[in-house]
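This report concerns only the one structure given below.
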Amino acid sequence: MNTDIRLSIDFWSHPKTVKLERKAGFEAVRSLQILWLWTARNKPDGILMGMDEEDIEIAANWRGEQGAFVAATIELRWLDFDGETYEIHDWKDHNSWASRADERGDKARFSRLCQVNPEEAERLKKQGISSINKDDYTAALQQRPANARRTPRRRNGERQANASVPPAPAPAPAPAPAPAPALTHTQDIESADALSCAERSQANPPAPETVCLCPHQAIIDMYHEILPQCPKVKVWSENSRKQLATRWREDKARQNLEWWRSVFEDVAKSNFLMGRTGGKGFLFSLNWFVGPRNFEKVLNGNYANRASPQQQPQQPQYPQRLSPNQAYMLEAARYLKGQGYGKIEQPNDTPRNETPPRALPGGGA
């Protein structure tokens, strides 16, 4: 766990700091540093996974208007947001030691696994795994053989307690054991059955529940096989490893490679995920997919192809009913036509007036 962070001596004179104070007040600068300290302790990789705007402002102890702190830090690039996840801007560059706290802990945990369950550690090494998080470590311990026993390690030069003390001599003469009470035939059978059950239990202890560890490389290989058009996984970061392991453990059904195959096959059918819509040029990637919100959207079918809407039947066109003013203007047009002011034709859909036209100035009919 981190106990401190690095802070540049030029922080207070940095233009972004000055602008943040002008935009949101000195309280915003204070909250920014509180957010950094909170991140070092709780999100050492700088990625504020699963946090929304309100969560961030609570972690920063922001006391101003709701949303103002996050908006100001995003505008000044103290905070990055990709539409899905918030991240401290350039956190790993400025606090590289703090950002690797989880990585150091995972490597130390894997070294401990090599001592308590060397068989499982050897299997993971063959997969190229050299670190393990807390959840996977707990699952690996459950797969430890039942007859394995952890023996306490002694420091160099340390002698076992009471090793030089000779055992106490047996009392002489040894007391005679008390005679066992006589057992009836039924009691004798019950005792024998109980003893045999105990012996069987010790000889064949119940096997621990098997917990499947996430096969990262197998899923990556399957992704490359089914979706060759998508970006190749060249670097599988610790954050991506954690997210994939979490998606694997969230549901028992997902702990099966065939389940992942069916998901990748559905992705291959999506025009949007495969960049076939001619829009922004989005293309599905495994790093993007394992994020909690993106993962949920894909499973819910948000990006599935939509059938084109059926063409609506055309409504029949009825002749337009003229208002009184329109009827008057039509009669005026007829009058002007009769006076030789141009050729004015009546529309085909204009209903024929059955009432005589109004009298117009000049005596026109």
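By order of appearance in the structure tokens: chains A, B, ..., then residues from 1 within every chain, and ligands from 1 in the order shown.
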
When you look at A:Ser237 with a cut-off of 12 Å (counting only C-alpha atoms), what residues show up, excluding the ones that are within fewer than 4 positions of it in the same chain? I need them as a count of residues only. 12

As an exercise, work out the distance from atom CA of A:Gln229 to atom CA of A:Phe289 in Å and give it to one decimal place. 15.1 Å

Residue contacts of stretch 48-59 of chain A (7 Å, only C-alpha atoms) excluding same-chain residues fewer than 5 positions away, as a ChimeraX atom specification: /A:35,38,43,67,69-70,85-87

Okay, now the selection with N, CA and C atoms, as a PDB file, in the first residue's frame?
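Output saved as part_26.pdb:
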ATOM      1  N   LEU A  35      -7.685  14.134  -4.130  1.00  0.00           N
ATOM      2  CA  LEU A  35      -7.996  13.056  -5.068  1.00  0.00           C
ATOM      3  C   LEU A  35      -6.752  12.261  -5.417  1.00  0.00           C
ATOM      4  N   TRP A  38      -6.009   9.981  -2.490  1.00  0.00           N
ATOM      5  CA  TRP A  38      -6.991   8.882  -2.460  1.00  0.00           C
ATOM      6  C   TRP A  38      -6.676   7.858  -3.548  1.00  0.00           C
ATOM      7  N   LYS A  43      -6.697   3.399  -5.854  1.00  0.00           N
ATOM      8  CA  LYS A  43      -6.614   3.090  -7.289  1.00  0.00           C
ATOM      9  C   LYS A  43      -5.199   3.396  -7.763  1.00  0.00           C
ATOM     10  N   GLY A  67     -20.600  18.592  -9.730  1.00  0.00           N
ATOM     11  CA  GLY A  67     -20.196  18.492 -11.128  1.00  0.00           C
ATOM     12  C   GLY A  67     -19.185  19.532 -11.560  1.00  0.00           C
ATOM     13  N   PHE A  69     -16.288  20.455 -10.129  1.00  0.00           N
ATOM     14  CA  PHE A  69     -14.891  20.032  -9.985  1.00  0.00           C
ATOM     15  C   PHE A  69     -14.490  19.099 -11.122  1.00  0.00           C
ATOM     16  N   VAL A  70     -15.311  18.110 -11.416  1.00  0.00           N
ATOM     17  CA  VAL A  70     -14.982  17.168 -12.492  1.00  0.00           C
ATOM     18  C   VAL A  70     -14.947  17.888 -13.833  1.00  0.00           C
ATOM     19  N   THR A  85     -14.590   5.601 -18.771  1.00  0.00           N
ATOM     20  CA  THR A  85     -13.839   5.526 -17.530  1.00  0.00           C
ATOM     21  C   THR A  85     -13.039   6.803 -17.324  1.00  0.00           C
ATOM     22  N   TYR A  86     -12.976   7.234 -16.070  1.00  0.00           N
ATOM     23  CA  TYR A  86     -12.144   8.384 -15.700  1.00  0.00           C
ATOM     24  C   TYR A  86     -10.739   7.894 -15.338  1.00  0.00           C
ATOM     25  N   GLU A  87      -9.734   8.733 -15.599  1.00  0.00           N
ATOM     26  CA  GLU A  87      -8.348   8.378 -15.305  1.00  0.00           C
ATOM     27  C   GLU A  87      -7.570   9.644 -14.966  1.00  0.00           C
TER      28      GLU A  87
END

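The gap separating atom CA of A:His89 from atom CA of A:Lys19 is 16.1 Å, in Å to one decimal.
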